[in-house]
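Q: Contents of query.cif (mmCIF, C-alpha atoms):
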data_target
#
loop_
_atom_site.label_atom_id
_atom_site.label_comp_id
_atom_site.auth_asym_id
_atom_site.auth_seq_id
_atom_site.Cartn_x
_atom_site.Cartn_y
_atom_site.Cartn_z
CA MET A 166 49.43 114.79 98.04
CA ALA A 167 52.24 112.34 97.50
CA SER A 168 51.90 110.17 94.43
CA ASP A 169 53.68 106.87 94.09
CA GLU A 170 56.09 108.25 91.58
CA VAL A 171 59.78 107.52 91.67
CA LYS A 172 62.60 109.91 90.88
CA VAL A 173 66.33 109.40 90.91
CA ILE A 174 68.59 112.41 91.31
CA GLY A 175 71.95 111.61 89.76
CA ALA A 176 74.48 111.96 87.00
CA TRP A 177 75.13 109.68 84.03
CA ALA A 178 78.80 109.15 84.79
CA SER A 179 78.46 108.21 88.45
CA PRO A 180 78.82 104.50 89.20
CA PHE A 181 76.95 105.01 92.49
CA VAL A 182 73.98 106.47 90.60
CA MET A 183 73.95 103.41 88.34
CA ARG A 184 73.12 101.22 91.30
CA PRO A 185 69.56 102.41 92.02
CA ARG A 186 68.89 102.72 88.26
CA ILE A 187 69.85 99.08 87.65
CA ALA A 188 67.77 98.00 90.66
CA LEU A 189 64.71 99.90 89.41
CA ASN A 190 65.18 98.46 85.93
CA LEU A 191 65.39 94.94 87.34
CA LYS A 192 62.06 95.50 89.06
CA SER A 193 60.57 97.20 85.97
CA VAL A 194 59.79 100.32 88.00
CA PRO A 195 59.43 103.44 85.86
CA TYR A 196 61.23 106.50 87.22
CA GLU A 197 62.14 110.03 86.29
CA PHE A 198 65.88 110.63 86.06
CA LEU A 199 66.85 114.09 87.25
CA GLN A 200 70.31 114.83 85.94
CA GLU A 201 72.49 117.06 88.09
CA THR A 202 74.81 119.53 86.37
CA PHE A 203 78.45 118.69 86.98
CA GLY A 204 79.93 121.11 89.48
CA ALA A 205 76.61 122.44 90.84
CA LYS A 206 74.02 120.98 93.23
CA SER A 207 70.30 121.48 92.66
CA GLU A 208 67.86 122.76 95.30
CA LEU A 209 66.10 119.42 95.23
CA LEU A 210 69.34 117.53 95.93
CA LEU A 211 70.27 119.80 98.83
CA LYS A 212 66.76 119.47 100.26
CA SER A 213 66.59 115.70 99.77
CA ASN A 214 70.05 114.88 101.08
CA PRO A 215 70.92 117.70 103.48
CA VAL A 216 73.38 115.52 105.42
CA HIS A 217 75.72 114.51 102.59
CA LYS A 218 74.50 116.66 99.66
CA LYS A 219 75.44 113.78 97.34
CA ILE A 220 73.94 111.72 94.56
CA PRO A 221 72.23 109.33 94.12
CA VAL A 222 69.00 110.12 95.91
CA LEU A 223 65.86 108.09 95.30
CA ILE A 224 62.62 109.95 95.91
CA HIS A 225 59.62 107.68 96.31
CA ALA A 226 56.23 109.26 96.99
CA ASP A 227 58.10 112.44 97.94
CA LYS A 228 60.27 110.64 100.53
CA PRO A 229 64.04 110.57 99.94
CA VAL A 230 66.27 107.54 100.38
CA CYS A 231 70.05 108.12 100.29
CA GLU A 232 73.22 106.03 99.96
CA SER A 233 73.34 103.83 96.86
CA ASN A 234 73.56 100.36 98.46
CA ILE A 235 70.82 101.28 100.94
CA ILE A 236 68.65 102.43 98.02
CA VAL A 237 69.17 99.06 96.30
CA GLU A 238 67.96 97.22 99.42
CA TYR A 239 65.00 99.60 99.66
CA VAL A 240 64.03 98.96 96.03
CA ASP A 241 64.35 95.23 96.56
CA GLU A 242 62.08 95.28 99.61
CA THR A 243 59.53 97.78 98.30
CA TRP A 244 59.03 96.07 94.93
CA SER A 245 59.67 92.56 96.19
CA ALA A 246 56.81 91.14 94.13
CA SER A 247 58.10 92.69 90.88
CA GLY A 248 61.15 90.57 90.29
CA PRO A 249 63.57 88.09 91.81
CA SER A 250 65.12 88.99 95.14
CA MET A 251 68.35 90.97 94.84
CA LEU A 252 69.71 89.67 98.08
CA PRO A 253 70.51 86.00 98.77
CA SER A 254 67.95 83.95 100.64
CA THR A 255 69.96 83.03 103.75
CA PRO A 256 71.14 85.48 106.41
CA TYR A 257 74.70 84.17 106.09
CA ASP A 258 74.86 84.69 102.32
CA ARG A 259 73.34 88.16 102.80
CA ALA A 260 76.06 88.98 105.34
CA ILE A 261 78.70 87.86 102.82
CA ALA A 262 77.16 90.01 100.09
CA ARG A 263 77.07 93.06 102.39
CA PHE A 264 80.66 92.38 103.51
CA TRP A 265 81.95 92.42 99.93
CA ALA A 266 79.87 95.48 99.03
CA ALA A 267 81.49 97.33 101.95
CA TYR A 268 84.96 96.11 100.87
CA ILE A 269 84.36 97.33 97.31
CA ASP A 270 83.39 100.82 98.47
CA GLU A 271 85.95 101.20 101.23
CA LYS A 272 89.01 99.53 99.72
CA TRP A 273 88.65 98.46 96.10
CA PHE A 274 87.14 101.56 94.47
CA PRO A 275 89.46 104.05 96.24
CA SER A 276 92.46 102.07 94.96
CA LEU A 277 90.99 102.00 91.43
CA LYS A 278 90.55 105.78 91.54
CA SER A 279 94.17 106.14 92.69
CA ILE A 280 95.42 104.55 89.48
CA LEU A 281 94.05 107.46 87.46
CA LYS A 282 95.51 109.97 89.90
CA ALA A 283 98.86 108.24 90.45
CA GLU A 284 101.95 110.25 89.64
CA GLY A 285 105.08 108.47 88.58
CA GLU A 286 105.83 104.83 87.87
CA GLU A 287 106.48 103.80 91.48
CA GLU A 288 103.13 105.08 92.76
CA LYS A 289 101.29 103.64 89.77
CA LYS A 290 102.88 100.21 90.31
CA ALA A 291 101.94 100.20 93.99
CA VAL A 292 98.30 101.12 93.38
CA LEU A 293 98.01 98.66 90.50
CA ALA A 294 99.23 95.90 92.79
CA GLN A 295 96.54 96.86 95.33
CA VAL A 296 93.78 96.69 92.72
CA GLU A 297 95.04 93.37 91.38
CA GLU A 298 95.10 91.95 94.90
CA GLY A 299 91.51 93.15 95.31
CA ASN A 300 90.50 91.61 91.99
CA ALA A 301 91.96 88.26 93.05
CA LEU A 302 89.89 88.41 96.24
CA LEU A 303 86.77 89.30 94.26
CA GLU A 304 87.43 86.51 91.75
CA LYS A 305 87.37 84.03 94.63
CA ALA A 306 84.35 85.75 96.18
CA PHE A 307 82.53 85.38 92.88
CA ILE A 308 83.24 81.66 92.74
CA ASP A 309 82.11 81.23 96.36
CA CYS A 310 78.98 83.39 96.09
CA SER A 311 77.76 82.35 92.63
CA LYS A 312 78.04 78.62 93.36
CA GLY A 313 78.30 77.87 89.66
CA LYS A 314 75.55 80.26 88.61
CA PRO A 315 76.00 83.30 86.30
CA PHE A 316 75.94 86.07 88.92
CA PHE A 317 77.18 86.78 92.46
CA ASN A 318 73.51 86.56 93.42
CA GLY A 319 72.98 83.27 91.58
CA GLU A 320 70.60 83.03 88.63
CA HIS A 321 69.80 86.75 88.58
CA ILE A 322 71.67 90.00 89.02
CA GLY A 323 71.59 91.08 92.65
CA TYR A 324 72.92 93.45 95.27
CA LEU A 325 76.58 92.46 95.02
CA ASP A 326 76.58 92.26 91.22
CA ILE A 327 75.24 95.81 91.19
CA ALA A 328 77.63 97.00 93.91
CA PHE A 329 80.64 95.83 91.90
CA GLY A 330 79.37 95.89 88.33
CA CYS A 331 78.55 99.60 88.45
CA PHE A 332 82.33 100.28 88.37
CA LEU A 333 83.01 98.31 85.18
CA ALA A 334 82.86 101.30 82.84
CA TRP A 335 85.34 103.22 85.03
CA LEU A 336 87.47 100.09 85.22
CA ARG A 337 87.64 99.93 81.41
CA VAL A 338 88.53 103.64 81.26
CA THR A 339 91.33 103.00 83.77
CA GLU A 340 92.59 100.06 81.73
CA LEU A 341 92.64 102.19 78.57
CA ALA A 342 94.44 105.06 80.28
CA GLY A 343 97.04 102.82 81.90
CA GLY A 344 97.43 100.34 79.03
CA HIS A 345 97.04 97.60 81.60
CA LYS A 346 94.30 94.98 81.77
CA LEU A 347 92.73 94.61 85.21
CA ILE A 348 89.89 92.14 84.64
CA ASP A 349 90.64 89.64 81.89
CA GLU A 350 90.39 85.98 80.89
CA VAL A 351 93.84 85.19 82.24
CA LYS A 352 93.96 86.93 85.63
CA THR A 353 90.28 86.81 86.53
CA PRO A 354 88.53 84.35 84.19
CA SER A 355 85.28 84.09 86.16
CA LEU A 356 84.97 87.84 86.68
CA SER A 357 85.77 88.44 83.03
CA LYS A 358 82.81 86.33 81.91
CA TRP A 359 80.59 87.76 84.63
CA ALA A 360 81.47 91.32 83.54
CA GLU A 361 80.33 90.62 80.01
CA ARG A 362 77.07 89.06 81.17
CA PHE A 363 76.46 91.96 83.54
CA CYS A 364 77.14 94.71 81.01
CA ASN A 365 74.95 93.08 78.37
CA ASP A 366 71.98 92.62 80.67
CA PRO A 367 68.96 94.68 79.52
CA ALA A 368 68.64 96.22 82.99
CA VAL A 369 72.26 97.42 82.88
CA LYS A 370 72.96 98.33 79.24
CA PRO A 371 70.82 101.49 79.10
CA VAL A 372 72.58 103.02 82.11
CA MET A 373 76.18 101.88 81.61
CA PRO A 374 78.13 104.62 79.80
CA GLU A 375 80.17 103.77 76.71
CA THR A 376 83.86 103.48 77.58
CA ALA A 377 84.89 106.08 74.98
CA THR A 378 82.35 108.64 76.22
CA LEU A 379 83.38 108.09 79.81
CA ALA A 380 87.07 108.33 78.89
CA GLU A 381 86.45 111.78 77.36
CA PHE A 382 84.61 112.86 80.49
CA ALA A 383 87.40 111.51 82.70
CA LYS A 384 89.97 113.56 80.77
CA LYS A 385 87.89 116.67 81.42
CA ILE A 386 87.39 116.18 85.14
CA PHE A 387 90.90 115.02 85.91
CA ALA A 388 92.25 117.97 84.00
CA LYS A 389 90.69 120.33 86.57
CA PRO A 390 92.79 121.34 89.57
CA PRO A 391 91.99 119.27 92.69
CA ALA A 392 89.01 120.69 94.63
CA MET B 133 72.02 71.08 117.26
CA ALA B 134 72.88 73.97 119.57
CA ASP B 135 74.32 77.09 117.99
CA GLU B 136 78.01 77.70 118.58
CA VAL B 137 78.71 81.42 118.66
CA ILE B 138 82.16 82.89 119.23
CA LEU B 139 83.01 86.58 119.28
CA LEU B 140 86.61 87.66 118.69
CA ASN B 141 86.98 91.14 120.09
CA PHE B 142 89.25 93.71 121.71
CA TRP B 143 87.62 95.39 124.72
CA PRO B 144 87.99 99.14 123.82
CA SER B 145 86.67 98.69 120.29
CA ILE B 146 83.50 100.69 119.59
CA PHE B 147 82.90 98.29 116.72
CA GLY B 148 83.13 95.22 118.98
CA MET B 149 80.75 96.82 121.45
CA ARG B 150 78.04 96.84 118.78
CA THR B 151 78.21 93.11 118.25
CA THR B 152 78.50 92.32 121.96
CA ILE B 153 75.46 94.43 122.82
CA ALA B 154 73.52 92.95 119.88
CA LEU B 155 74.18 89.41 121.13
CA GLU B 156 73.27 90.38 124.68
CA GLU B 157 70.06 92.10 123.56
CA LYS B 158 69.03 88.89 121.82
CA GLY B 159 69.96 86.72 124.78
CA VAL B 160 72.31 84.63 122.61
CA LYS B 161 74.75 82.32 124.38
CA TYR B 162 78.24 83.04 123.04
CA GLU B 163 81.89 82.59 123.89
CA TYR B 164 83.79 85.86 124.17
CA ARG B 165 87.45 85.71 123.19
CA GLU B 166 89.73 88.67 123.75
CA GLU B 167 92.46 89.43 121.21
CA GLU B 168 94.98 90.39 123.88
CA ASP B 169 97.46 92.02 121.54
CA VAL B 170 95.43 92.84 118.46
CA ILE B 171 97.91 95.43 117.17
CA ASN B 172 101.14 93.42 117.30
CA ASN B 173 100.16 89.80 117.70
CA LYS B 174 96.90 88.75 116.10
CA THR B 175 95.78 85.20 116.84
CA ARG B 176 95.80 82.56 114.14
CA LEU B 177 92.04 82.29 114.44
CA LEU B 178 91.55 85.99 113.72
CA LEU B 179 93.80 85.85 110.66
CA GLU B 180 92.02 82.75 109.43
CA MET B 181 88.51 84.10 110.03
CA ASN B 182 89.11 87.63 108.71
CA PRO B 183 91.91 87.28 106.15
CA VAL B 184 90.76 90.32 104.17
CA HIS B 185 90.89 92.94 106.93
CA LYS B 186 92.55 91.06 109.84
CA LYS B 187 90.39 93.08 112.24
CA ILE B 188 88.03 92.52 115.12
CA PRO B 189 85.21 92.04 115.79
CA VAL B 190 84.68 88.69 114.12
CA LEU B 191 81.52 86.75 114.79
CA ILE B 192 81.92 83.01 114.23
CA HIS B 193 78.58 81.23 113.98
CA ASN B 194 78.79 77.44 113.74
CA GLY B 195 82.31 77.77 112.39
CA LYS B 196 81.46 80.38 109.74
CA PRO B 197 82.83 83.93 110.10
CA VAL B 198 80.83 87.14 109.70
CA CYS B 199 82.96 90.29 109.56
CA GLU B 200 82.22 94.05 109.75
CA SER B 201 80.30 95.12 112.85
CA ILE B 202 77.29 96.69 111.12
CA VAL B 203 76.93 93.59 108.92
CA GLN B 204 77.14 91.49 112.11
CA VAL B 205 74.36 93.44 113.85
CA GLN B 206 72.10 92.99 110.83
CA TYR B 207 73.00 89.29 110.70
CA ILE B 208 72.24 88.82 114.41
CA ASP B 209 68.89 90.57 113.91
CA GLU B 210 68.02 88.22 111.03
CA ILE B 211 69.14 84.99 112.72
CA TRP B 212 67.39 85.77 116.04
CA PRO B 213 64.44 87.90 114.91
CA GLU B 214 61.93 87.30 117.69
CA LYS B 215 63.57 88.97 120.66
CA ASN B 216 64.18 92.75 120.62
CA PRO B 217 64.13 93.28 116.84
CA PHE B 218 66.62 96.01 115.88
CA LEU B 219 65.50 97.03 112.41
CA PRO B 220 61.98 98.23 111.59
CA LYS B 221 59.87 96.09 109.23
CA ASP B 222 58.85 99.01 107.03
CA PRO B 223 61.31 99.38 104.09
CA TYR B 224 61.45 103.18 104.35
CA GLN B 225 62.10 103.13 108.12
CA ARG B 226 64.74 100.43 107.58
CA ALA B 227 66.44 102.58 104.96
CA GLN B 228 66.53 105.49 107.40
CA ALA B 229 68.06 103.30 110.14
CA LEU B 230 70.68 101.95 107.72
CA PHE B 231 71.42 105.51 106.56
CA TRP B 232 72.16 106.72 110.10
CA ALA B 233 74.27 103.64 110.86
CA ASP B 234 76.26 104.41 107.71
CA PHE B 235 76.58 108.07 108.78
CA ILE B 236 77.98 107.00 112.14
CA GLU B 237 80.43 104.62 110.43
CA LYS B 238 81.65 106.91 107.66
CA LYS B 239 81.59 110.24 109.43
CA VAL B 240 81.52 109.95 113.21
CA CYS B 241 83.96 107.04 113.57
CA VAL B 242 86.42 108.51 111.07
CA CYS B 243 86.35 111.98 112.65
CA GLY B 244 86.46 110.51 116.15
CA ARG B 245 89.70 108.80 115.32
CA ARG B 246 91.23 112.13 114.25
CA VAL B 247 90.46 113.54 117.68
CA TRP B 248 92.95 111.28 119.41
CA THR B 249 95.52 110.95 116.61
CA THR B 250 96.17 114.64 115.90
CA LYS B 251 97.29 117.74 117.71
CA GLY B 252 97.35 121.53 117.33
CA GLU B 253 95.26 123.00 114.50
CA GLU B 254 94.34 119.57 113.13
CA LEU B 255 92.97 118.57 116.53
CA GLU B 256 90.97 121.79 116.80
CA ALA B 257 89.40 121.14 113.40
CA ALA B 258 88.67 117.50 114.32
CA ASN B 259 87.02 118.54 117.61
CA LYS B 260 84.86 121.10 115.85
CA GLU B 261 83.75 118.62 113.22
CA PHE B 262 83.14 115.86 115.78
CA LEU B 263 80.77 118.05 117.76
CA GLU B 264 78.97 119.14 114.58
CA LEU B 265 78.43 115.50 113.65
CA LEU B 266 77.13 114.66 117.13
CA LYS B 267 74.71 117.57 116.90
CA ILE B 268 73.39 116.24 113.60
CA LEU B 269 72.75 112.93 115.37
CA GLN B 270 71.16 114.73 118.28
CA SER B 271 68.78 116.51 115.94
CA GLU B 272 67.88 113.17 114.33
CA LEU B 273 67.14 111.76 117.80
CA GLY B 274 64.83 114.72 118.51
CA ASP B 275 62.20 113.97 121.12
CA LYS B 276 62.43 110.22 120.84
CA PRO B 277 63.79 108.20 123.77
CA TYR B 278 65.88 106.13 121.36
CA PHE B 279 66.96 106.45 117.73
CA GLY B 280 64.76 103.39 117.21
CA GLY B 281 61.74 105.31 118.59
CA ASP B 282 60.22 103.80 121.69
CA LYS B 283 62.56 100.87 121.59
CA PHE B 284 66.34 100.51 121.64
CA GLY B 285 67.15 99.62 118.04
CA PHE B 286 69.72 99.36 115.28
CA VAL B 287 71.10 102.88 115.34
CA ASP B 288 71.22 102.87 119.15
CA THR B 289 73.29 99.65 118.99
CA VAL B 290 75.64 101.15 116.41
CA LEU B 291 76.19 104.40 118.32
CA ILE B 292 76.17 103.45 122.01
CA GLY B 293 79.82 102.33 122.15
CA PHE B 294 80.79 106.00 121.80
CA PHE B 295 79.18 106.74 125.16
CA CYS B 296 82.06 105.19 127.11
CA TRP B 297 84.51 107.02 124.82
CA PHE B 298 82.92 110.46 125.33
CA PRO B 299 84.97 111.23 128.47
CA ALA B 300 88.15 110.47 126.46
CA TYR B 301 87.00 112.83 123.68
CA GLU B 302 86.18 115.47 126.27
CA LYS B 303 89.61 115.15 127.83
CA PHE B 304 91.56 115.42 124.59
CA GLY B 305 89.16 117.92 123.08
CA ASN B 306 88.96 120.07 126.15
CA TYR B 307 85.19 120.55 126.18
CA SER B 308 82.18 119.22 128.07
CA MET B 309 79.81 116.80 126.32
CA GLU B 310 77.11 117.73 128.79
CA SER B 311 77.23 121.39 127.70
CA GLU B 312 77.63 120.65 124.00
CA CYS B 313 75.28 117.68 123.55
CA SER B 314 73.08 117.31 126.58
CA GLU B 315 70.27 115.39 124.80
CA LEU B 316 72.74 112.88 123.43
CA MET B 317 74.19 112.43 126.92
CA ALA B 318 70.66 111.88 128.25
CA TRP B 319 70.14 109.26 125.54
CA GLY B 320 73.38 107.53 126.56
CA LYS B 321 72.37 107.45 130.21
CA ARG B 322 68.97 106.06 129.22
CA CYS B 323 70.70 103.27 127.26
CA MET B 324 72.92 102.55 130.26
CA GLN B 325 69.78 101.41 132.11
CA ARG B 326 69.75 98.35 129.88
CA ASP B 327 71.74 95.37 131.16
CA SER B 328 73.24 94.73 127.73
CA VAL B 329 74.82 98.19 127.79
CA ALA B 330 75.60 98.65 131.49
CA ASN B 331 77.29 95.26 131.83
CA TYR B 332 79.27 95.37 128.60
CA LEU B 333 80.36 98.93 127.97
CA PRO B 334 83.88 99.37 129.38
CA ASP B 335 84.58 101.82 132.19
CA PRO B 336 85.35 105.25 130.62
CA GLU B 337 88.41 105.65 132.88
CA ARG B 338 89.82 102.46 131.46
CA VAL B 339 89.20 103.82 127.93
CA ILE B 340 91.07 107.03 128.78
CA GLY B 341 93.98 104.95 130.03
CA TYR B 342 93.97 103.02 126.77
CA VAL B 343 93.97 106.19 124.64
CA LEU B 344 96.91 107.57 126.65
CA HIS B 345 98.77 104.32 126.06
CA LEU B 346 98.03 104.49 122.30
CA LYS B 347 99.12 108.11 122.05
CA LYS B 348 102.43 107.15 123.69
CA LEU B 349 102.81 104.16 121.38
CA PHE B 350 102.32 106.29 118.27
CA GLY B 351 104.33 109.23 119.62
CA LEU B 352 101.27 111.47 119.73
CA GLU B 353 101.49 113.01 123.17
#
Using the file provided, produce a representation of the structure as structure tokens.

A:
Amino acid sequence: MASDEVKVIGAWASPFVMRPRIALNLKSVPYEFLQETFGAKSELLLKSNPVHKKIPVLIHADKPVCESNIIVEYVDETWSASGPSMLPSTPYDRAIARFWAAYIDEKWFPSLKSILKAEGEEEKKAVLAQVEEGNALLEKAFIDCSKGKPFFNGEHIGYLDIAFGCFLAWLRVTELAGGHKLIDEVKTPSLSKWAERFCNDPAVKPVMPETATLAEFAKKIFAKPPA
Amino acid sequence: MADEVILLNFWPSIFGMRTTIALEEKGVKYEYREEEDVINNKTRLLLEMNPVHKKIPVLIHNGKPVCESIVQVQYIDEIWPEKNPFLPKDPYQRAQALFWADFIEKKVCVCGRRVWTTKGEELEAANKEFLELLKILQSELGDKPYFGGDKFGFVDTVLIGFFCWFPAYEKFGNYSMESECSELMAWGKRCMQRDSVANYLPDPERVIGYVLHLKKLFGLE
């Protein structure tokens, strides 16, 4: 018999896993966090996400939901009465939020990852320029979406804040490693303030890794030969 | 005030077909504008309405652009909810539909592209993977008439553009879709009974001609 219980299969260092965790926290939904071992996939993960075999997976009343942004929408709809809406109220603003979330996953995050993997000054410069271009776009998107309020979603953290904010710890690790600021008061003043608000939010703080801890982990995984 | 809806598109685009069919399913009046030379000479309107990606399709609703085809289909469903709803109301069913749309986008589209941009061993691998992905979709379809169940829905809208591309994949992959994925072919033919699909999916022969032209352009014969 399926109970109403909620589980999240994930790993502490994964920004994608942070997304459903933040969403559940925002809705005050208790859940069991099932940590995967790095480098191995559990039976439960393989059974719950046979198509992609990837984390995060949300299991609600024994039914799995996969893909982090889809999970956030699911949490928002399922526990709609438990907290403010994570998506904007108009279809147009929702389309804008989904557009930027897709951009972040398809363009922005891959270029951020490339900074850590870049070999040589030329390559590093090129990828850095890409990320900075992306940050400038997101700075403007923030101004447009927030309409003067503290978050992309307005008064409260929402879908797009989560979609982007989950990468902030990795962004700080990348800045440390490269000795180059990516989000700061000069280049991206609005995002810089937003980032601080986001990271200090009680729904985010418990699941956002410390930069130093993540940096150590990054050293370990990037030291391995490519899979 | 009447809605002004413009769709910027390029006829062979599987992505553009999603938005076109979505608008047709909803019975929305719109102006279709072809980007005649989308590779070499994008119009000023396209560049202005999609400055981030500079790609079609772009849906312009009362002067405001919506980009990314899957986002557009969801938007169309939300703006015109009464007729032919695409997404289920139940959050779990919605999540499943969004999952399969994402699977088509991230896996099927990406692999499909490799089928006509590679040759030799790479092409063989791409063909193998493409068929595996289609079989996963076929198994998800199961006994249902549509991915949406009894009704043509979100996932059907996202996938159907491939149907007019299947003959091109067959030609360059050297296999028969009918033998490899007969249930998916049956699904495609079922969808072709809808006006929105039959009237707006390009002729597969024309698609083959386009792929040949592209292969020549990129030196991939």

Q: List, as a VMD selection string, every residue that the PyMOL selection byres ((chain A) within 7 of (chain B)) selects in the file provided.

A: chain A and resid 230 to 232 235 239 242 to 243 256 260 263 to 264

Q: Any chance you could export the current selection's C-alpha atoms as a compact mmCIF listing (two decimals), in the frame of the given file?

A:
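The file below, result24.txt, is the result:
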# COMPACT_ATOMS: atom_id res chain seq x y z
CA VAL A 230 66.27 107.54 100.38
CA CYS A 231 70.05 108.12 100.29
CA GLU A 232 73.22 106.03 99.96
CA ILE A 235 70.82 101.28 100.94
CA TYR A 239 65.00 99.60 99.66
CA GLU A 242 62.08 95.28 99.61
CA THR A 243 59.53 97.78 98.30
CA PRO A 256 71.14 85.48 106.41
CA ALA A 260 76.06 88.98 105.34
CA ARG A 263 77.07 93.06 102.39
CA PHE A 264 80.66 92.38 103.51

Q: Using all atoms listed in the file, which of B:Ile192, B:Val240, B:Leu255, B:Ile292 sits nearest Ile153 in chain B?

A: B:Ile292

Q: Hey, can you check how far CA of Lys174 in chain B sits from CA of Phe274 in chain A?

A: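 Going from CA of Lys174 in chain B over to CA of Phe274 in chain A covers 27.0 Å.
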
Q: As a count of residues only, please: the residues near Pro367 in chain A (cut-off 12 Å, only C-alpha atoms, same-chain neighbours under 5 positions excluded).

A: 12

Q: For Ile348 in chain A, which of A:Asp326, A:Glu361, A:Glu381, A:Glu271 is the closest residue, counting only C-alpha atoms?

A: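 Once distances to Ile348 in chain A are computed over only C-alpha atoms, the minimum belongs to A:Glu361.
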
Q: From the list A:Gly319, A:Pro249, A:Pro229, A:Gly313, which residue is nearest Ala262 in chain A when using only C-alpha atoms?

A: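 The closest residue to Ala262 in chain A is A:Gly319.
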
Q: Hey, could you patch up range 195-206 of chain A with N, CA, C and O atoms and hand it over as an mmCIF file, in the coordinates of the input?

A:
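File selection-v2.cif, as written:
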data_model
loop_
_atom_site.group_PDB
_atom_site.id
_atom_site.type_symbol
_atom_site.label_atom_id
_atom_site.label_comp_id
_atom_site.auth_asym_id
_atom_site.auth_seq_id
_atom_site.Cartn_x
_atom_site.Cartn_y
_atom_site.Cartn_z
ATOM 1 N N PRO A 195 59.130 102.224 86.618
ATOM 2 C CA PRO A 195 59.430 103.440 85.860
ATOM 3 C C PRO A 195 59.848 104.562 86.822
ATOM 4 O O PRO A 195 59.348 104.630 87.947
ATOM 5 N N TYR A 196 60.796 105.402 86.362
ATOM 6 C CA TYR A 196 61.230 106.500 87.220
ATOM 7 C C TYR A 196 61.662 107.667 86.362
ATOM 8 O O TYR A 196 62.011 107.506 85.197
ATOM 9 N N GLU A 197 61.662 108.832 86.971
ATOM 10 C CA GLU A 197 62.140 110.030 86.290
ATOM 11 C C GLU A 197 63.594 110.253 86.719
ATOM 12 O O GLU A 197 63.894 110.264 87.924
ATOM 13 N N PHE A 198 64.470 110.413 85.739
ATOM 14 C CA PHE A 198 65.880 110.630 86.060
ATOM 15 C C PHE A 198 66.163 112.121 86.020
ATOM 16 O O PHE A 198 65.989 112.765 84.985
ATOM 17 N N LEU A 199 66.561 112.658 87.149
ATOM 18 C CA LEU A 199 66.850 114.090 87.250
ATOM 19 C C LEU A 199 68.365 114.266 87.253
ATOM 20 O O LEU A 199 69.031 113.973 88.245
ATOM 21 N N GLN A 200 68.862 114.726 86.115
ATOM 22 C CA GLN A 200 70.310 114.830 85.940
ATOM 23 C C GLN A 200 70.846 116.078 86.619
ATOM 24 O O GLN A 200 70.394 117.184 86.341
ATOM 25 N N GLU A 201 71.823 115.917 87.470
ATOM 26 C CA GLU A 201 72.490 117.060 88.090
ATOM 27 C C GLU A 201 73.525 117.604 87.114
ATOM 28 O O GLU A 201 74.132 116.855 86.353
ATOM 29 N N THR A 202 73.748 118.917 87.184
ATOM 30 C CA THR A 202 74.810 119.530 86.370
ATOM 31 C C THR A 202 76.126 119.334 87.100
ATOM 32 O O THR A 202 76.212 119.574 88.302
ATOM 33 N N PHE A 203 77.137 118.901 86.356
ATOM 34 C CA PHE A 203 78.450 118.690 86.980
ATOM 35 C C PHE A 203 78.975 119.987 87.568
ATOM 36 O O PHE A 203 79.002 121.009 86.921
ATOM 37 N N GLY A 204 79.359 119.937 88.830
ATOM 38 C CA GLY A 204 79.930 121.110 89.480
ATOM 39 C C GLY A 204 78.919 121.974 90.228
ATOM 40 O O GLY A 204 79.293 122.915 90.922
ATOM 41 N N ALA A 205 77.627 121.659 90.101
ATOM 42 C CA ALA A 205 76.610 122.440 90.840
ATOM 43 C C ALA A 205 75.607 121.478 91.453
ATOM 44 O O ALA A 205 75.377 120.410 90.913
ATOM 45 N N LYS A 206 75.006 121.864 92.598
ATOM 46 C CA LYS A 206 74.020 120.980 93.230
ATOM 47 C C LYS A 206 72.660 121.643 93.220
ATOM 48 O O LYS A 206 72.522 122.796 93.621
#
